[in-house]
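Engineer: Following this line is target_0.csv, made up of CSV, C-alpha atoms:
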chain,number,residue,atom,x,y,z
R,23,MET,CA,-10.7,-12.0,54.8
R,24,PRO,CA,-6.9,-12.8,54.3
R,25,GLN,CA,-4.5,-9.9,54.5
R,26,PRO,CA,-3.0,-8.6,51.3
R,27,THR,CA,0.4,-9.9,50.5
R,28,ARG,CA,1.4,-7.1,48.2
R,29,PRO,CA,1.2,-3.3,48.4
R,30,SER,CA,-2.2,-1.9,47.6
R,31,THR,CA,-3.2,0.7,45.1
R,32,ILE,CA,-6.2,3.0,44.6
R,33,ALA,CA,-9.2,2.3,42.4
R,34,ALA,CA,-9.6,5.8,40.9
R,35,ALA,CA,-8.0,9.3,40.9
R,36,VAL,CA,-8.8,11.6,43.7
R,37,GLU,CA,-8.4,15.4,44.1
R,38,HIS,CA,-8.3,17.5,47.3
R,39,GLU,CA,-7.6,21.1,48.2
R,40,LEU,CA,-5.9,22.3,51.4
R,41,VAL,CA,-5.4,25.9,52.4
R,42,ILE,CA,-2.7,26.7,54.9
R,43,ARG,CA,-1.8,30.4,55.7
R,44,LYS,CA,-3.2,31.5,52.4
R,45,SER,CA,-1.2,29.0,50.3
R,46,ARG,CA,-3.4,26.6,48.3
R,47,PHE,CA,-2.3,23.0,48.0
R,48,LEU,CA,-4.2,21.2,45.3
R,49,THR,CA,-3.6,17.4,45.4
R,50,HIS,CA,-4.1,15.0,42.5
R,51,ILE,CA,-3.5,11.3,43.2
R,52,ALA,CA,-4.0,8.7,40.4
R,53,PRO,CA,-3.4,5.0,39.8
R,54,VAL,CA,-0.8,4.2,37.2
R,55,VAL,CA,0.7,1.1,35.7
R,56,SER,CA,4.2,2.3,35.0
R,57,PRO,CA,6.8,5.1,35.7
R,58,GLU,CA,6.1,6.4,32.2
R,59,GLN,CA,2.4,6.8,32.9
R,60,ALA,CA,3.2,8.5,36.2
R,61,ASP,CA,5.4,10.9,34.4
R,62,GLU,CA,2.7,11.6,31.8
R,63,THR,CA,0.3,12.3,34.7
R,64,ILE,CA,2.7,14.8,36.3
R,65,ALA,CA,3.2,16.5,32.9
R,66,ALA,CA,-0.6,16.8,32.5
R,67,ILE,CA,-0.9,18.4,35.9
R,68,ARG,CA,1.9,20.8,35.2
R,69,LYS,CA,0.1,21.9,32.0
R,70,ARG,CA,-3.2,22.2,33.8
R,71,TYR,CA,-1.7,24.4,36.5
R,72,TRP,CA,1.0,26.1,34.5
R,73,ASP,CA,0.7,29.3,36.5
R,74,ALA,CA,1.4,27.7,39.9
R,75,ARG,CA,4.7,28.2,41.6
R,76,HIS,CA,5.3,24.5,42.4
R,77,ASN,CA,4.0,21.2,41.1
R,78,CYS,CA,5.7,18.7,43.5
R,79,SER,CA,5.3,15.0,43.0
R,80,ALA,CA,5.9,11.5,44.3
R,81,GLN,CA,5.4,8.1,42.7
R,82,VAL,CA,5.7,4.5,43.6
R,83,THR,CA,5.4,1.8,41.0
R,84,GLY,CA,6.0,-1.9,40.6
R,85,LEU,CA,4.2,-5.0,42.0
R,86,ASP,CA,6.3,-4.8,45.2
R,87,GLY,CA,6.5,-1.0,45.2
R,88,ASP,CA,10.2,-1.2,44.4
R,89,ARG,CA,10.4,1.8,42.1
R,90,ALA,CA,10.0,5.3,43.6
R,91,ARG,CA,10.7,8.9,42.6
R,92,SER,CA,9.9,12.3,44.0
R,93,SER,CA,10.5,16.0,43.1
R,94,ASP,CA,10.5,19.1,45.2
R,95,ASP,CA,10.0,21.2,42.1
R,96,GLY,CA,11.6,24.3,43.5
R,97,GLU,CA,10.6,24.0,47.1
R,98,PRO,CA,13.6,23.7,49.6
R,99,SER,CA,15.2,20.3,49.3
R,100,GLY,CA,13.4,17.5,51.2
R,101,THR,CA,10.4,19.6,52.1
R,102,ALA,CA,7.9,18.4,49.5
R,103,GLY,CA,8.5,15.4,47.3
R,104,MET,CA,10.1,13.1,50.0
R,105,PRO,CA,7.4,13.8,52.6
R,106,MET,CA,4.8,13.0,50.0
R,107,LEU,CA,6.6,9.8,49.1
R,108,GLU,CA,6.8,8.9,52.8
R,109,VAL,CA,3.0,9.1,53.0
R,110,LEU,CA,2.6,6.7,50.1
R,111,ARG,CA,5.1,4.4,51.7
R,112,ARG,CA,3.3,4.5,55.1
R,113,ARG,CA,0.0,3.7,53.4
R,114,GLU,CA,1.7,0.7,51.7
R,115,LEU,CA,0.7,1.8,48.2
R,116,THR,CA,2.1,1.2,44.8
R,117,ASP,CA,1.3,2.0,41.2
R,118,VAL,CA,0.2,5.4,42.3
R,119,VAL,CA,1.4,9.0,41.6
R,120,ALA,CA,0.7,12.1,43.7
R,121,VAL,CA,1.1,15.7,42.5
R,122,VAL,CA,0.6,18.6,44.9
R,123,THR,CA,0.3,22.0,43.2
R,124,ARG,CA,1.0,25.0,45.4
R,125,TYR,CA,-0.2,28.5,44.8
R,126,PHE,CA,1.9,30.6,47.2
R,127,GLY,CA,-0.2,32.8,49.5
R,128,GLY,CA,2.5,35.3,50.4
R,129,ILE,CA,3.3,33.8,53.9
R,130,LYS,CA,6.4,31.6,54.2
R,131,LEU,CA,5.7,28.3,56.0
R,132,GLY,CA,9.3,27.4,56.9
R,133,ALA,CA,10.8,23.9,56.2
R,134,GLY,CA,8.8,22.2,58.9
R,135,GLY,CA,5.6,23.8,57.8
R,136,LEU,CA,6.2,22.8,54.2
R,137,VAL,CA,6.8,19.2,55.3
R,138,ARG,CA,3.6,19.1,57.3
R,139,ALA,CA,1.7,20.8,54.5
R,140,TYR,CA,2.7,18.5,51.7
R,141,SER,CA,2.3,15.4,53.9
R,142,SER,CA,-1.1,16.5,55.0
R,143,ALA,CA,-2.2,17.3,51.5
R,144,VAL,CA,-1.4,13.8,50.3
R,145,SER,CA,-2.7,12.1,53.4
R,146,GLU,CA,-6.1,13.9,53.3
R,147,ALA,CA,-6.5,13.1,49.7
R,148,LEU,CA,-5.8,9.4,50.3
R,149,ASP,CA,-8.4,9.4,53.0
R,150,GLN,CA,-10.9,9.9,50.2
R,151,ALA,CA,-9.6,7.1,48.0
R,152,SER,CA,-11.0,3.7,47.5
R,153,LEU,CA,-8.3,1.1,48.0
R,154,VAL,CA,-7.6,-2.0,46.0
R,155,ASP,CA,-5.7,-4.8,47.6
R,156,ARG,CA,-3.3,-7.0,45.6
R,157,ARG,CA,-3.5,-10.7,46.4
R,158,VAL,CA,-1.8,-13.8,45.0
R,159,LEU,CA,-4.8,-16.0,44.1
R,160,ALA,CA,-5.1,-19.6,42.8
R,161,GLN,CA,-7.2,-20.5,39.8
R,162,LEU,CA,-10.0,-23.0,40.1
R,163,THR,CA,-12.4,-24.1,37.4
R,164,ILE,CA,-15.9,-25.5,37.9
R,165,ALA,CA,-17.7,-27.2,35.0
R,166,VAL,CA,-21.5,-27.6,35.4
R,167,PRO,CA,-24.4,-28.6,33.1
R,168,HIS,CA,-26.0,-25.6,31.4
R,169,ALA,CA,-29.2,-26.3,33.3
R,170,ASP,CA,-27.4,-25.7,36.6
R,171,ALA,CA,-25.4,-22.6,35.5
R,172,GLY,CA,-27.6,-20.1,37.1
R,173,ARG,CA,-27.6,-21.8,40.5
R,174,PHE,CA,-23.8,-22.2,40.5
R,175,ASP,CA,-23.3,-18.7,39.3
R,176,ASN,CA,-25.2,-17.5,42.4
R,177,LEU,CA,-23.3,-19.9,44.7
R,178,LEU,CA,-19.9,-18.8,43.4
R,179,ARG,CA,-20.8,-15.1,43.6
R,180,ASP,CA,-21.8,-15.5,47.2
R,181,TRP,CA,-18.8,-17.6,48.0
R,182,THR,CA,-16.3,-15.1,46.4
R,183,HIS,CA,-17.9,-12.2,48.2
R,184,ARG,CA,-17.5,-14.0,51.6
R,185,SER,CA,-14.0,-15.3,50.9
R,186,GLY,CA,-11.9,-12.5,49.5
R,187,ALA,CA,-11.9,-14.3,46.1
R,188,VAL,CA,-12.7,-13.1,42.6
R,189,LEU,CA,-15.1,-14.6,40.1
R,190,GLY,CA,-13.5,-14.7,36.6
R,191,GLU,CA,-14.9,-15.1,33.2
R,192,ALA,CA,-17.5,-17.9,32.5
R,193,ARG,CA,-17.1,-20.0,29.3
R,194,TYR,CA,-20.1,-21.6,27.8
R,195,GLU,CA,-19.0,-24.8,25.9
R,196,SER,CA,-20.4,-28.3,26.2
R,197,ASP,CA,-20.7,-27.3,29.9
R,198,ALA,CA,-20.8,-23.9,31.6
R,199,VAL,CA,-17.2,-23.5,32.9
R,200,PHE,CA,-16.8,-21.0,35.8
R,201,GLU,CA,-13.4,-19.5,36.8
R,202,VAL,CA,-12.6,-18.5,40.4
R,203,TRP,CA,-9.5,-16.9,41.7
R,204,SER,CA,-9.2,-17.8,45.4
R,205,PRO,CA,-6.7,-17.3,48.2
R,206,ALA,CA,-4.7,-20.5,48.6
R,207,GLU,CA,-6.2,-21.2,52.0
R,208,GLY,CA,-9.7,-20.9,50.6
R,209,THR,CA,-9.5,-23.5,47.9
R,210,ALA,CA,-10.5,-26.5,50.1
R,211,GLY,CA,-13.5,-24.6,51.4
R,212,LEU,CA,-14.7,-23.9,47.9
R,213,GLN,CA,-14.2,-27.5,46.8
R,214,ALA,CA,-16.3,-28.6,49.8
R,215,GLU,CA,-19.1,-26.1,49.1
R,216,VAL,CA,-19.3,-27.1,45.4
R,217,ALA,CA,-19.3,-30.8,46.3
R,218,ALA,CA,-22.1,-30.3,48.8
R,219,ALA,CA,-24.2,-28.2,46.4
R,220,SER,CA,-23.9,-30.8,43.7
R,221,GLY,CA,-24.1,-34.0,45.7
R,222,GLY,CA,-20.5,-34.7,44.8
R,223,THR,CA,-21.1,-34.6,41.0
R,224,VAL,CA,-19.3,-31.3,40.4
R,225,THR,CA,-15.7,-30.6,41.2
R,226,ALA,CA,-13.8,-27.3,41.8
R,227,SER,CA,-10.5,-28.1,40.2
R,228,VAL,CA,-7.3,-26.3,41.2
R,229,THR,CA,-5.4,-25.6,37.9
R,230,GLY,CA,-2.0,-24.8,39.5
R,231,ILE,CA,-2.1,-21.3,37.9
R,232,GLU,CA,-1.6,-18.3,40.2
R,233,ARG,CA,-1.8,-14.6,39.5
R,234,VAL,CA,-1.9,-11.3,41.3
R,235,VAL,CA,-5.4,-10.0,41.3
R,236,ASP,CA,-6.8,-6.6,42.3
R,237,VAL,CA,-9.5,-7.0,44.9
R,238,PRO,CA,-11.5,-3.9,46.0
R,239,ARG,CA,-11.2,-3.5,49.7
Could you express the structure from this file as structure tokens?
Structural biologist:
Amino acid sequence: MPQPTRPSTIAAAVEHELVIRKSRFLTHIAPVVSPEQADETIAAIRKRYWDARHNCSAQVTGLDGDRARSSDDGEPSGTAGMPMLEVLRRRELTDVVAVVTRYFGGIKLGAGGLVRAYSSAVSEALDQASLVDRRVLAQLTIAVPHADAGRFDNLLRDWTHRSGAVLGEARYESDAVFEVWSPAEGTAGLQAEVAAASGGTVTASVTGIERVVDVPR
């Protein structure tokens, strides 16, 4: 399977709890589509855990992960938000927001302890997340007679599963028209497989359209 060419994201929100020296660190990490949605997520967590001493956050957004923000929310400068952000960076993620809520347990952790705690909280939460790769894929269309639609649907589903590609929407017009989004290096292989399956009567046509597609890892 080809390597992703863009930062990845996560498929769904995850939550995790970590207890260190009686302090509780509640981590919430969610996929987002914009800084505004990330801010809304942070606000919702603050409202949910209004009685906590700290709700620290980090976010990375943009197709290339080029927008990033973090907040220590009252923890000593550089001990919470930035370490959380560094974990997101190391995992090569984007369009994601992390909020770590801390309920103070009465024992001070020190600057180094806080950095480790907030980093671990995010890292352990991400270990539970399902990742989604972002790939630049090329569009191909395959038009087949309706009588052969079921056979080609199965063929294309099998090929996309093996090839890191995505099966798009099918249109039923005078023919059944299937849409496949394939890594550029895979288009020739799909064309050969379609030609072999149809005895050369069906063509997988490259349209010249490309888009970034989310592909579950």
Engineer: For stretch 173-198 of chain R versus stretch 211-235 of chain R, which residues have an atom no more than 9 Å away, and what is each residue's nearest atom pair and distance in Å rounded to one decimal, using only C-alpha atoms, chain-then-number order, as JSON lines?
Structural biologist:
{"residue": "R:Phe174", "atom": "CA", "partner": "R:Val216", "partner_atom": "CA", "distance": 8.3}
{"residue": "R:Leu177", "atom": "CA", "partner": "R:Val216", "partner_atom": "CA", "distance": 8.3}
{"residue": "R:Leu178", "atom": "CA", "partner": "R:Val216", "partner_atom": "CA", "distance": 8.6}
{"residue": "R:Trp181", "atom": "CA", "partner": "R:Leu212", "partner_atom": "CA", "distance": 7.5}
{"residue": "R:Val188", "atom": "CA", "partner": "R:Val235", "partner_atom": "CA", "distance": 8.0}
Engineer: Quick one: residues within 8 Å of R:Arg91, only C-alpha atoms counted, chain neighbours fewer than 3 positions away excluded, as a ChimeraX atom specification?
Structural biologist: /R:80-82,107
Engineer: Measuring between only C-alpha atoms, which one of R:Lys130, R:Arg179, R:Arg184, R:Arg46 shows the shortest distance to R:Phe200?
Structural biologist: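 That would be R:Arg179, the residue with the smallest distance to R:Phe200.
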Engineer: Pick from R:Thr31, R:Ser196, R:Ser185, R:Ser93: nearest to R:Leu110, with all atoms listed in the file counted?
Structural biologist: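 Looking only at the distances to R:Leu110, the closest residue turns out to be R:Thr31.
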Engineer: Need the neighbours of (3.7, 9.0, 51.4): which residues are at most 10 Å away, counting all atoms listed in the file, as a list in words?
Structural biologist: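 Output: Ala80, Gln81, Val82, Gly103, Met104, Pro105, Met106, Leu107, Glu108, Val109, Leu110, Arg111, Arg112, Arg113, Glu114, Leu115, Ala120, Tyr140, Ser141, Ser142, Val144, Ser145 and Leu148 of chain R.
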Engineer: Residues within 10 Å of R:Val119, please, as a short mmCIF file (atom, residue, chain, number, x, y, z; two decimals) with C-alpha atoms, keeping the file's coordinate frame. Count only C-alpha atoms; anything in the same chain fewer than 3 positions from it doesn't count.
Structural biologist:
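Result file follows (part-v4.cif):
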data_model
loop_
_atom_site.label_atom_id
_atom_site.label_comp_id
_atom_site.auth_asym_id
_atom_site.auth_seq_id
_atom_site.Cartn_x
_atom_site.Cartn_y
_atom_site.Cartn_z
CA ALA R 35 -8.00 9.30 40.90
CA HIS R 50 -4.10 15.00 42.50
CA ILE R 51 -3.50 11.30 43.20
CA ALA R 52 -4.00 8.70 40.40
CA PRO R 53 -3.40 5.00 39.80
CA VAL R 54 -0.80 4.20 37.20
CA VAL R 55 0.70 1.10 35.70
CA SER R 56 4.20 2.30 35.00
CA PRO R 57 6.80 5.10 35.70
CA GLN R 59 2.40 6.80 32.90
CA ALA R 60 3.20 8.50 36.20
CA ASP R 61 5.40 10.90 34.40
CA THR R 63 0.30 12.30 34.70
CA ILE R 64 2.70 14.80 36.30
CA SER R 79 5.30 15.00 43.00
CA ALA R 80 5.90 11.50 44.30
CA GLN R 81 5.40 8.10 42.70
CA VAL R 82 5.70 4.50 43.60
CA THR R 83 5.40 1.80 41.00
CA ALA R 90 10.00 5.30 43.60
CA ARG R 91 10.70 8.90 42.60
CA SER R 92 9.90 12.30 44.00
CA MET R 106 4.80 13.00 50.00
CA LEU R 107 6.60 9.80 49.10
CA LEU R 110 2.60 6.70 50.10
CA LEU R 115 0.70 1.80 48.20
CA THR R 116 2.10 1.20 44.80
#
Engineer: R:Ala206, R:Ala198, R:Ala187, R:Val154: which is nearest R:Asp175, counting only C-alpha atoms?
Structural biologist: R:Ala198
Engineer: Measuring between all atoms listed in the file, which one of R:Arg28, R:Trp72, R:Asn77, R:Arg239 shows the shortest distance to R:Val121?
Structural biologist: R:Asn77
